[in-house]
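This is run10.cif. It holds mmCIF, C-alpha atoms.
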data_entry
#
loop_
_atom_site.label_atom_id
_atom_site.label_comp_id
_atom_site.auth_asym_id
_atom_site.auth_seq_id
_atom_site.Cartn_x
_atom_site.Cartn_y
_atom_site.Cartn_z
CA MET A 1 -18.49 12.54 1.46
CA LYS A 2 -18.90 13.08 -2.24
CA GLN A 3 -17.51 10.37 -4.47
CA GLU A 4 -15.39 12.78 -6.56
CA LEU A 5 -13.79 14.25 -3.48
CA LEU A 6 -13.08 10.79 -2.12
CA ASN A 7 -11.49 9.80 -5.43
CA GLN A 8 -9.30 12.88 -5.32
CA ILE A 9 -8.12 12.07 -1.78
CA PHE A 10 -7.36 8.47 -2.71
CA LYS A 11 -5.37 9.70 -5.67
CA GLU A 12 -3.32 11.95 -3.42
CA LEU A 13 -2.78 9.14 -0.89
CA HIS A 14 -2.05 6.53 -3.56
CA ARG A 15 1.75 6.62 -3.29
CA GLU A 16 1.77 6.37 0.48
CA ALA A 17 -0.95 3.71 0.37
CA TYR A 18 1.12 1.64 -2.04
CA LEU A 19 4.24 1.93 0.13
CA TRP A 20 2.26 0.90 3.21
CA SER A 21 0.75 -2.00 1.29
CA ARG A 22 4.28 -3.05 0.30
CA GLN A 23 5.40 -2.87 3.92
CA CYS A 24 2.43 -4.97 5.01
CA CYS A 25 3.31 -7.54 2.32
CA SER A 26 6.93 -8.04 3.44
CA PHE A 27 8.13 -5.63 0.72
CA ASP A 28 6.75 -7.82 -2.08
CA ASP A 29 5.91 -5.46 -4.97
CA GLU A 30 3.54 -7.70 -6.87
CA LEU A 31 1.62 -8.74 -3.80
CA ALA A 32 1.40 -5.12 -2.67
CA LYS A 33 -0.17 -4.15 -6.02
CA ASP A 34 -2.75 -6.93 -5.75
CA VAL A 35 -3.59 -6.05 -2.17
CA LEU A 36 -4.01 -2.36 -2.97
CA GLN A 37 -6.23 -3.18 -5.94
CA GLN A 38 -8.34 -5.38 -3.68
CA VAL A 39 -8.58 -2.50 -1.21
CA TYR A 40 -9.83 -0.10 -3.88
CA LEU A 41 -12.31 -2.71 -5.05
CA LYS A 42 -13.59 -3.20 -1.50
CA ILE A 43 -14.08 0.54 -1.16
CA TRP A 44 -15.83 0.88 -4.52
CA GLU A 45 -18.10 -2.05 -3.83
CA GLU A 46 -18.77 -0.47 -0.43
CA LYS A 47 -17.58 -3.56 1.42
CA ALA A 48 -15.32 -1.14 3.30
CA LYS A 49 -17.12 2.06 4.24
CA TYR A 50 -15.59 5.27 5.48
CA ASN A 51 -17.61 6.48 8.46
CA SER A 52 -15.85 9.84 9.02
CA GLU A 53 -14.92 8.85 12.59
CA SER A 54 -11.20 8.76 11.83
CA LYS A 55 -8.94 10.51 9.37
CA ILE A 56 -9.24 9.09 5.89
CA LYS A 57 -5.55 8.15 5.81
CA THR A 58 -5.88 6.22 9.07
CA TRP A 59 -8.94 4.41 7.75
CA LEU A 60 -7.30 3.60 4.40
CA PHE A 61 -4.16 2.28 6.11
CA SER A 62 -6.31 0.14 8.38
CA VAL A 63 -8.15 -1.38 5.39
CA ILE A 64 -4.82 -2.05 3.64
CA ARG A 65 -3.37 -3.74 6.73
CA PHE A 66 -6.48 -5.87 7.21
CA THR A 67 -6.60 -6.88 3.52
CA ALA A 68 -2.91 -7.81 3.49
CA LEU A 69 -3.30 -9.95 6.61
CA GLU A 70 -6.43 -11.53 5.16
CA TRP A 71 -4.61 -12.34 1.92
CA LEU A 72 -1.60 -13.80 3.74
CA ARG A 73 -3.81 -15.95 5.93
CA LYS A 74 -5.78 -17.20 2.95
CA ASN A 75 -2.99 -17.80 0.45
CA GLN A 76 0.07 -18.53 2.46
CA GLN A 77 -1.45 -19.98 5.61
CA VAL A 78 0.60 -17.53 7.66
CA VAL A 79 -0.91 -16.60 10.97
CA PRO A 80 0.81 -13.56 12.45
CA LEU A 81 1.96 -13.75 16.01
CA HIS A 82 0.17 -11.15 18.04
CA ALA A 83 2.00 -12.02 21.22
CA ASP A 84 4.99 -10.02 22.29
CA PHE A 85 7.52 -12.64 21.35
CA ASP A 86 10.91 -11.45 20.29
CA LEU A 87 11.96 -14.18 17.96
CA VAL A 88 14.86 -12.38 16.33
CA GLU A 89 18.31 -13.72 16.78
CA GLU A 90 20.54 -10.72 16.30
CA GLU A 91 23.64 -12.79 15.70
CA ARG A 92 22.19 -13.97 12.41
CA ILE A 93 21.92 -10.60 10.70
CA PRO A 94 23.48 -10.94 7.26
CA GLU A 95 26.28 -8.49 6.56
CA THR A 96 24.57 -7.27 3.43
CA ALA A 97 21.23 -6.71 5.18
CA SER A 98 19.33 -3.79 3.72
CA HIS A 99 17.10 -1.41 5.65
CA GLU A 100 14.13 -3.50 4.61
CA ASP A 101 15.83 -6.69 5.80
CA LEU A 102 16.41 -5.14 9.22
CA ILE A 103 12.76 -4.09 9.51
CA GLN A 104 11.69 -7.57 8.47
CA LEU A 105 13.59 -8.96 11.44
CA LEU A 106 11.24 -7.20 13.84
CA PRO A 107 8.16 -8.99 15.16
CA GLU A 108 5.06 -8.09 13.12
CA ARG A 109 3.44 -5.61 15.51
CA GLN A 110 6.70 -3.86 16.32
CA LYS A 111 7.43 -3.55 12.62
CA GLU A 112 4.00 -2.04 11.96
CA VAL A 113 4.15 0.53 14.73
CA VAL A 114 7.67 1.78 13.99
CA LEU A 115 6.84 2.07 10.28
CA LEU A 116 3.62 3.97 10.97
CA VAL A 117 5.28 6.37 13.40
CA PHE A 118 8.72 6.90 11.88
CA TYR A 119 8.07 6.31 8.20
CA HIS A 120 4.50 7.52 7.79
CA GLN A 121 4.75 10.23 10.45
CA MET A 122 1.65 9.13 12.34
CA THR A 123 0.99 9.74 16.01
CA LEU A 124 1.00 6.73 18.29
CA GLU A 125 -2.77 7.16 18.71
CA LYS A 126 -3.33 6.96 14.96
CA ALA A 127 -0.95 4.00 14.67
CA ALA A 128 -2.93 2.21 17.38
CA GLU A 129 -6.10 2.91 15.39
CA VAL A 130 -4.60 1.45 12.21
CA MET A 131 -3.38 -1.61 14.11
CA GLU A 132 -6.70 -1.96 15.94
CA VAL A 133 -5.04 -2.14 19.35
CA SER A 134 -5.23 0.03 22.46
CA ILE A 135 -2.85 2.94 22.82
CA GLY A 136 -1.15 1.12 25.72
CA THR A 137 -0.47 -1.96 23.60
CA ALA A 138 0.75 0.20 20.72
CA ARG A 139 3.13 2.02 23.07
CA THR A 140 4.56 -1.28 24.34
CA HIS A 141 5.20 -2.49 20.78
CA TYR A 142 6.59 0.91 19.89
CA ASP A 143 9.13 0.92 22.75
CA ARG A 144 10.21 -2.65 22.09
CA GLY A 145 10.34 -2.09 18.33
CA LYS A 146 12.51 1.00 18.71
CA LYS A 147 14.86 -0.76 21.09
CA LYS A 148 15.12 -3.79 18.85
CA LEU A 149 15.67 -1.80 15.69
CA LYS A 150 18.36 0.32 17.35
CA GLU A 151 20.15 -2.87 18.34
CA LEU A 152 19.91 -4.21 14.80
CA ILE A 153 21.22 -0.97 13.33
CA LEU A 154 24.09 -1.01 15.80
CA ILE A 155 25.01 -4.59 14.90
CA LYS A 156 24.95 -3.73 11.21
CA GLN A 157 27.09 -0.65 11.79
CA THR A 158 29.56 -2.77 13.76
CA TYR A 159 29.77 -5.22 10.84
CA GLU A 160 30.40 -2.40 8.42
CA ALA A 161 33.03 -0.80 10.68
CA THR A 162 34.98 -4.05 11.00
CA LYS A 163 35.09 -4.70 7.25
CA MET B 1 5.03 12.61 14.71
CA LYS B 2 6.78 11.11 17.64
CA LEU B 3 6.34 11.68 21.32
CA GLN B 4 8.10 14.68 22.78
CA ASN B 5 10.15 12.62 25.18
CA ASP B 6 11.73 10.61 22.38
CA ILE B 7 15.00 12.41 22.27
CA ASN B 8 17.25 9.47 21.52
CA ASP B 9 15.69 8.53 18.21
CA LYS B 10 18.19 10.32 16.01
CA GLU B 11 19.58 7.10 14.55
CA LEU B 12 16.08 5.85 13.83
CA ASP B 13 15.23 9.15 12.14
CA ILE B 14 18.31 8.80 9.95
CA PHE B 15 17.50 5.13 9.26
CA PHE B 16 13.96 5.93 8.10
CA ALA B 17 15.08 8.98 6.14
CA GLU B 18 17.45 6.70 4.22
CA LEU B 19 14.65 4.18 3.70
CA ARG B 20 12.33 6.89 2.39
CA SER B 21 15.02 8.10 0.03
CA GLN B 22 15.51 4.52 -1.26
CA ASP B 23 11.75 4.21 -1.73
CA ASN B 24 11.77 7.25 -4.00
CA HIS B 25 13.16 4.95 -6.69
CA ILE B 26 10.37 2.42 -6.35
CA PRO B 27 8.01 2.58 -9.33
CA ILE B 28 4.52 3.35 -8.09
CA PRO B 29 1.72 1.61 -10.03
CA ALA B 30 -0.74 3.87 -11.79
CA PHE B 31 -3.78 4.88 -9.81
CA ASN B 32 -6.52 2.85 -11.44
CA LEU B 33 -9.92 3.12 -9.98
CA PRO B 34 -11.95 0.00 -10.45
CA LYS B 35 -15.01 0.70 -12.52
CA LYS B 36 -18.03 0.78 -10.34
CA ASN B 37 -20.43 -1.89 -11.43
CA ALA B 38 -23.99 -0.83 -11.79
CA THR B 39 -26.24 -2.72 -9.47
CA LYS B 40 -28.30 -5.54 -10.89
CA ILE B 41 -31.49 -3.53 -10.44
CA TRP B 42 -30.22 -0.87 -12.83
CA LYS B 43 -29.13 -3.54 -15.28
CA LEU B 44 -32.56 -5.12 -15.17
CA LEU B 45 -34.46 -1.86 -15.47
CA PRO B 46 -34.38 -1.56 -19.31
CA ILE B 47 -35.25 -5.23 -19.61
CA GLY B 48 -38.19 -4.70 -17.27
CA ILE B 49 -39.42 -1.69 -19.24
CA ALA B 50 -39.14 -3.59 -22.52
CA ALA B 51 -40.98 -6.58 -21.07
CA SER B 52 -43.77 -4.34 -19.72
CA LEU B 53 -44.17 -2.66 -23.11
CA LEU B 54 -44.32 -6.01 -24.90
CA LEU B 55 -46.86 -7.31 -22.41
CA GLY B 56 -48.99 -4.18 -22.78
CA PHE B 57 -48.82 -4.42 -26.54
CA TRP B 58 -49.80 -8.06 -26.45
CA ILE B 59 -52.75 -7.41 -24.13
CA TRP B 60 -53.86 -4.47 -26.28
CA ASN B 61 -53.90 -6.56 -29.43
CA HIS B 62 -54.96 -9.80 -27.91
CA GLY B 63 -58.66 -9.17 -27.57
CA GLU B 64 -61.06 -12.06 -27.63
CA ILE B 65 -60.84 -13.66 -30.99
CA GLU B 66 -64.10 -13.75 -32.75
CA THR B 67 -64.43 -16.49 -35.23
CA PRO B 68 -66.48 -15.37 -38.23
CA LEU B 69 -69.16 -17.81 -39.15
CA TYR B 70 -69.62 -18.94 -42.72
CA GLN B 71 -73.20 -17.67 -42.55
CA ASP B 72 -75.41 -15.82 -40.06
CA LEU B 73 -76.66 -17.92 -37.23
CA ILE B 74 -80.06 -17.77 -35.68
CA ILE B 75 -80.17 -18.67 -32.01
CA ILE B 76 -83.55 -19.58 -30.63
CA SER B 77 -83.61 -19.79 -26.84
CA LEU B 78 -86.45 -20.72 -24.55
CA VAL B 79 -86.36 -18.48 -21.53
CA GLU B 80 -88.57 -18.03 -18.55
CA ASP B 81 -89.53 -14.45 -17.72
CA GLU B 82 -90.37 -12.91 -14.35
CA ASN B 83 -94.04 -13.99 -14.63
CA GLN B 84 -92.83 -17.55 -15.00
CA GLU B 85 -94.06 -17.65 -18.53
CA GLN B 86 -91.90 -19.32 -21.07
CA ARG B 87 -91.16 -17.58 -24.34
CA PHE B 88 -88.80 -17.93 -27.21
CA VAL B 89 -86.02 -15.44 -27.75
CA ILE B 90 -84.73 -15.36 -31.28
CA GLU B 91 -81.27 -13.83 -31.88
CA GLN B 92 -79.28 -13.49 -35.02
CA THR B 93 -75.50 -13.21 -35.05
CA SER B 94 -72.68 -13.27 -37.57
CA SER B 95 -69.96 -14.14 -35.04
CA MET B 96 -69.72 -15.86 -31.71
CA ASP B 97 -67.20 -16.60 -28.98
CA VAL B 98 -68.51 -19.71 -27.35
CA TRP B 99 -71.95 -20.87 -27.80
CA GLU B 100 -73.50 -23.84 -26.24
CA SER B 101 -76.92 -25.00 -27.10
CA PRO B 102 -79.24 -24.73 -24.10
CA THR B 103 -80.38 -28.24 -24.88
CA ALA B 104 -76.90 -29.68 -25.32
CA SER B 105 -77.09 -31.29 -21.91
CA LEU B 106 -80.03 -33.37 -23.12
CA LEU B 107 -77.74 -35.11 -25.57
CA ASP B 108 -75.63 -36.43 -22.71
CA THR B 109 -78.39 -37.02 -20.20
CA TYR B 110 -80.90 -38.78 -22.43
#
Would you mind writing the file's structure down as structure tokens?
Amino acid sequence: MKQELLNQIFKELHREAYLWSRQCCSFDDELAKDVLQQVYLKIWEEKAKYNSESKIKTWLFSVIRFTALEWLRKNQQVVPLHADFDLVEEERIPETASHEDLIQLLPERQKEVVLLVFYHQMTLEKAAEVMEVSIGTARTHYDRGKKKLKELILIKQTYEATK
Amino acid sequence: MKLQNDINDKELDIFFAELRSQDNHIPIPAFNLPKKNATKIWKLLPIGIAASLLLGFWIWNHGEIETPLYQDLIIISLVEDENQEQRFVIEQTSSMDVWESPTASLLDTY
């Protein structure tokens, strides 16, 4: 693909790429900027190459996710849990929890898949591609994530109703 | 796009629609493409060309230096021809590169 065309596509995807980067960085704006800049640098230095096998958005999101995880592992010594543990204790949801806070309460994989499908309007297949998991695994996380998030929303709504 | 059988996701749709609307207020950083660095080969190319030119110029001008003599020199050599007869060869020159007397070795040997 010609470089100019690729630049144009990245420019069009920039907003969505930034928002995804932010979501991958626990909604930290500054970190999201750094991660996205690193992603662009990787692409320009051809450390990350687009091979036309997937949609460019899927590929870009995958590079962002990988770079964010890499950064977190390197700088914060955080190793994400890939197992299907549900570590959230619903009783501890703060009353003032924002939408972002509720999403943050989901296990990492569940958070990623619900954001990709509901927020970024991706198919489950594409979400699985971004997350580098099988469609079956993605579907499991998707079902659990939806269920968990619905519960969290319900708890928050109950708090608000009893105010 | 969600699966067709997801009919009970209304509250999630509303939740994410609200989140998207909140995100509309987030300032998006400017799209700055990193400047593509030229590879080292391209950086070294002009230096290589300049070095080649200098080398060529030096070779062109750096012929064998002939040292002018303060006066013409006559070189008398004793050579043996194909009939194994010895004869003198007398040469005259005004410059020379390296000249060694054919009898110089006698000075060391005897």
- Message: Can you spell out as an MDAnalysis selection string the set of residues that the PyMOL selection byres ((chain A and resi 95) around 7) selects in the structure I just provided?
- Response: chainID A and resid 93:94 96:97 156 159
- Near region 53-63 of chain A, within 12 Å and counting only C-alpha atoms, which residues show up once chain neighbours fewer than 6 positions away are dropped, as an MDAnalysis selection string? chainID A and resid 1 5:24 35:43 47 69:70 112 115:117 120:133
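Counting from CA of His25 (chain B), the distance to CA of Glu100 (chain A) is 14.1 Å.
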- Message: Just to confirm, what's the straight-line distance from CA of Glu91 (chain B) to CA of Asp72 (chain B) in Å (one decimal)?
- Response: 10.3 Å
- Query: Which is closer to chain B than all the others in A:Glu45, A:Asp101, A:Glu151, A:Glu108, using all atoms listed in the file?
  - Reply: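 For chain B, the nearest of the candidates is A:Glu45.
Shortest separation to chain B among A:Ile64, A:Trp44, A:Ser134, A:Ala161 occurs at residue A:Trp44, atoms counted being only C-alpha atoms.
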- Given the file above and the PyMOL selection byres ((chain A and resi 140) around 12), which residues are selected, and can you give them as number ranges by chain? A: 83-84, 109-110, 113-114, 124, 128, 133-139, 141-147
- Message: Please report the interatomic distance between CA of Ile90 (chain B) and CA of Ile75 (chain B) in Å with one decimal.
- Response: 5.7 Å
- Message: I need the residue nearest chain B from this list: A:Ala32, A:Cys25, A:Ala68, A:Leu106. Use all atoms listed in the file for the distance.
- Response: A:Ala32
- Task: Identify all residues satisfying the PyMOL selection byres ((chain B and resi 76) around 10) in the given file; provide them as a VMD selection string.
- Result: chain B and resid 73 to 75 77 to 79 88 to 92 101 to 102
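The smallest atom-to-atom distance between chain A and any of B:Asn8, B:Leu33, B:Ile47, B:Ser95, using all atoms listed in the file, is found for B:Leu33.
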